[in-house]
Amino acid sequence: MGKLKIAIQKNGRLSEKSLDLLGECGIKIPNGNQKLKTVSTNFPIEILFLRDDDIPQYVEQNVADIGILGENEVWEKDRNIEIIKKVGFGNCRMSLAIPKEESYTGISYFNNKKIATSYPKILKKFCDKNNLSVEIEEIGGSVEIAPGIGLANCIFDIVSTGSTLLMNGLKEVEIVTKSEAVLIKSRNLSEEKQQILQKLLFRIQSVLHSRENKYILLNAPNEKVKDIISLLPGIKSPTILPLAKEGWSSIHSVIKEDKFWDIIEQLKEHGAQGILVIPIEKMIL
Ligand code: ATP
Ligand code: MG
């Protein structure tokens with residue numbers, strides 16, 4: 001049987017999370033990422049460890065069938081590949097930043113400025129759209145030091161916390177776009193590989209659902225059960241079981257984690273006790 005080839009980042013911010021995702025999909029991967037490629041022992045998939053910059057090209061040319069990388073690299077490389085889905089990590093902003101002592105006057109500030117970036121295509125699109133005339137200085141990395149050493153006036157780069165900018169005396173003034181990690185695929189997959197991909201996608205979907213959701217159990221007096229259920233939007237409807245203690249029930253349901261924090265106070269007000277929130281390992285809808 002053929003194997004689906006997936007390219008993931010060899011060494012970087014997306015590496016561990018990409019491997020974790022495959023691991024949570026029940027895919028066993030033997031040697032970590034020390035080698036260039038490795039084969040799963042229990043799923044028809046081969047993992048290629050590459051620089052994220054190269055993944056779009058490899059997928060376009062069918063060296064890899066699918067890949068996981070930041071949307072930012074997908075947009076910048078602009079290859080003929082297809083984005084299948086977001087995989088729930090690698091969130092960041094792509095922003096313009098200027099020296100912190102400068103006063104920012106709005107987007108026209110950038111007119112006639114020299115901007116250093118590793119993402120010239122994305123930046124050019126943005127500048128064209130906003131009728132900005134700028135000089136784009138493309139550099140491979142450590143973009144944030146460019147203004148300090150006199151290579152450029154300002155930068156366009158990836159930001160997540162902003163601490164790198166601060167350390168280099170810069171401030172973020174314009175968010176151009178947001179990016180996160182995505183699964184991409186080649187435009188010409190064989191029928192067999194397409195089928196393996198469908199299996200993988202099914203597993204990824206169930207992992208992503210389970211990450212967002214928690215299993216909740218709580219006890220409540222019977223007369224409060226109706227009120228409490230109305231607070232708990234379960235997958236279909238909650239399970240209600242009688243407790244050994246007369247007049248009390250146990251309520252089980254599935255709830256979005258962020259939702260849980262919104263309703264916890266209301267649950268307590270309605271008499272809920274012994275609330276347990278439990279991670280779900282897999283969730284098949
Ligand atoms: P490679 O050696 O594979 O080319 P890299 O240096 O280009 O690695 P990383 O810094 O590991 O890339 O970042 C990989 C991706 O992680 C980015 O393209 C982006 O999508 C995402 N990311 C999320 N947060 C950040 C951040 N704070 N800084 C940089 N990248 C981030
Ligand atoms: Mg890179």
# chains A, B, ... in the order shown; residues from 1 in each chain; ligands from 1
call {"tool": "residues_near_ligand", "arguments": {"ligand": "ligand 2", "cutoff": "6 Å", "atoms": "only C-alpha atoms and all ligand atoms", "output": "ChimeraX atom specification"}}
result
/A:51-53
call {"tool": "write_last_selection", "arguments": {"atoms": "C-alpha atoms", "output": "PDB file, in the first residue's frame"}}
result
ATOM      1  CA  ARG A  51      12.360  24.022   6.553  1.00  0.00           C
ATOM      2  CA  ASP A  52       8.942  25.633   6.557  1.00  0.00           C
ATOM      3  CA  ASP A  53       9.947  27.891   3.635  1.00  0.00           C
TER       4      ASP A  53
END
call {"tool": "residues_near_ligand", "arguments": {"ligand": "ligand 1", "cutoff": "8 Å", "atoms": "only C-alpha atoms and all ligand atoms", "output": "ChimeraX atom specification"}}
result
/A:9-15,50-54,69-73,89-93,141,158-162,179-181
call {"tool": "closest_residue", "arguments": {"among": "A:Leu132, A:Ala272, A:Cys154, A:Leu19", "to": "A:Glu223", "atoms": "only C-alpha atoms"}}
result
A:Ala272
call {"tool": "residues_around", "arguments": {"residues": "A:Val143", "least_positions_apart": "4", "cutoff": "10 Å", "atoms": "only C-alpha atoms", "output": "list in words"}}
result
Ile115, Ala116, Thr117, Ser118, Glu137, Glu138, Ile139, Pro147, Leu151, Ala152, Cys154, Ile155, Phe156, Asp157, Ile158 and Leu165 of chain A
call {"tool": "residues_around", "arguments": {"residues": "A:Thr41", "least_positions_apart": "5", "cutoff": "8 Å", "atoms": "only C-alpha atoms", "output": "MDAnalysis selection string"}}
result
chainID A and resid 27:30
call {"tool": "write_last_selection", "arguments": {"atoms": "N, CA and C atoms", "output": "PDB file, in the first residue's frame"}}
result
ATOM      1  N   ILE A  27      -1.110   8.302  15.558  1.00  0.00           N
ATOM      2  CA  ILE A  27      -0.095   7.927  14.566  1.00  0.00           C
ATOM      3  C   ILE A  27       1.259   7.813  15.255  1.00  0.00           C
ATOM      4  N   LYS A  28       1.805   6.627  15.255  1.00  0.00           N
ATOM      5  CA  LYS A  28       3.094   6.411  15.939  1.00  0.00           C
ATOM      6  C   LYS A  28       4.240   6.798  15.007  1.00  0.00           C
ATOM      7  N   ILE A  29       5.141   7.633  15.525  1.00  0.00           N
ATOM      8  CA  ILE A  29       6.279   8.099  14.728  1.00  0.00           C
ATOM      9  C   ILE A  29       7.554   7.735  15.477  1.00  0.00           C
ATOM     10  N   PRO A  30       8.376   6.846  14.928  1.00  0.00           N
ATOM     11  CA  PRO A  30       9.500   6.292  15.673  1.00  0.00           C
ATOM     12  C   PRO A  30      10.573   7.276  16.170  1.00  0.00           C
TER      13      PRO A  30
END
call {"tool": "closest_atom_pairs", "arguments": {"of": "stretch 128-228 of chain A", "to": "stretch 250-271 of chain A", "cutoff": "8 Å", "atoms": "only C-alpha atoms", "output": "JSON lines"}}
result
{"residue": "A:Glu212", "atom": "CA", "partner": "A:Lys256", "partner_atom": "CA", "distance": 5.8}
{"residue": "A:Asn213", "atom": "CA", "partner": "A:Lys256", "partner_atom": "CA", "distance": 4.3}
{"residue": "A:Lys214", "atom": "CA", "partner": "A:Ile255", "partner_atom": "CA", "distance": 5.4}
{"residue": "A:Tyr215", "atom": "CA", "partner": "A:Val254", "partner_atom": "CA", "distance": 4.5}
{"residue": "A:Ile216", "atom": "CA", "partner": "A:Ser253", "partner_atom": "CA", "distance": 5.3}
{"residue": "A:Leu217", "atom": "CA", "partner": "A:His252", "partner_atom": "CA", "distance": 4.5}
{"residue": "A:Leu218", "atom": "CA", "partner": "A:Ile251", "partner_atom": "CA", "distance": 5.4}
{"residue": "A:Asn219", "atom": "CA", "partner": "A:Ser250", "partner_atom": "CA", "distance": 4.4}
{"residue": "A:Ala220", "atom": "CA", "partner": "A:Gly271", "partner_atom": "CA", "distance": 6.0}
{"residue": "A:Pro221", "atom": "CA", "partner": "A:Gly271", "partner_atom": "CA", "distance": 7.0}
{"residue": "A:Lys224", "atom": "CA", "partner": "A:His270", "partner_atom": "CA", "distance": 6.4}
{"residue": "A:Val225", "atom": "CA", "partner": "A:Ile251", "partner_atom": "CA", "distance": 7.9}
{"residue": "A:Asp227", "atom": "CA", "partner": "A:His270", "partner_atom": "CA", "distance": 7.1}
{"residue": "A:Ile228", "atom": "CA", "partner": "A:Leu267", "partner_atom": "CA", "distance": 6.4}
call {"tool": "select_by_dssp", "arguments": {"residues": "stretch 14-125 of chain A", "states": "strand (DSSP E or B)", "output": "PyMOL selection string"}}
result
chain A and resi 37-39+45-50+66-70+82-86+92-99+114-117
call {"tool": "closest_residue", "arguments": {"among": "A:Asn130, A:Ser142, A:Gln195, A:Ser237", "to": "A:Ile45", "atoms": "only C-alpha atoms"}}
result
A:Gln195
call {"tool": "residues_around", "arguments": {"residues": "A:Leu170", "least_positions_apart": "2", "cutoff": "9 Å", "atoms": "only C-alpha atoms", "output": "PyMOL selection string"}}
result
chain A and resi 97-101+144+147+154-155+164-168+172
call {"tool": "select_by_dssp", "arguments": {"residues": "stretch 46-268 of chain A", "states": "alpha helix (DSSP H)", "output": "PyMOL selection string"}}
result
chain A and resi 55-60+71-77+120-129+163-167+191-212+225-231+257-268
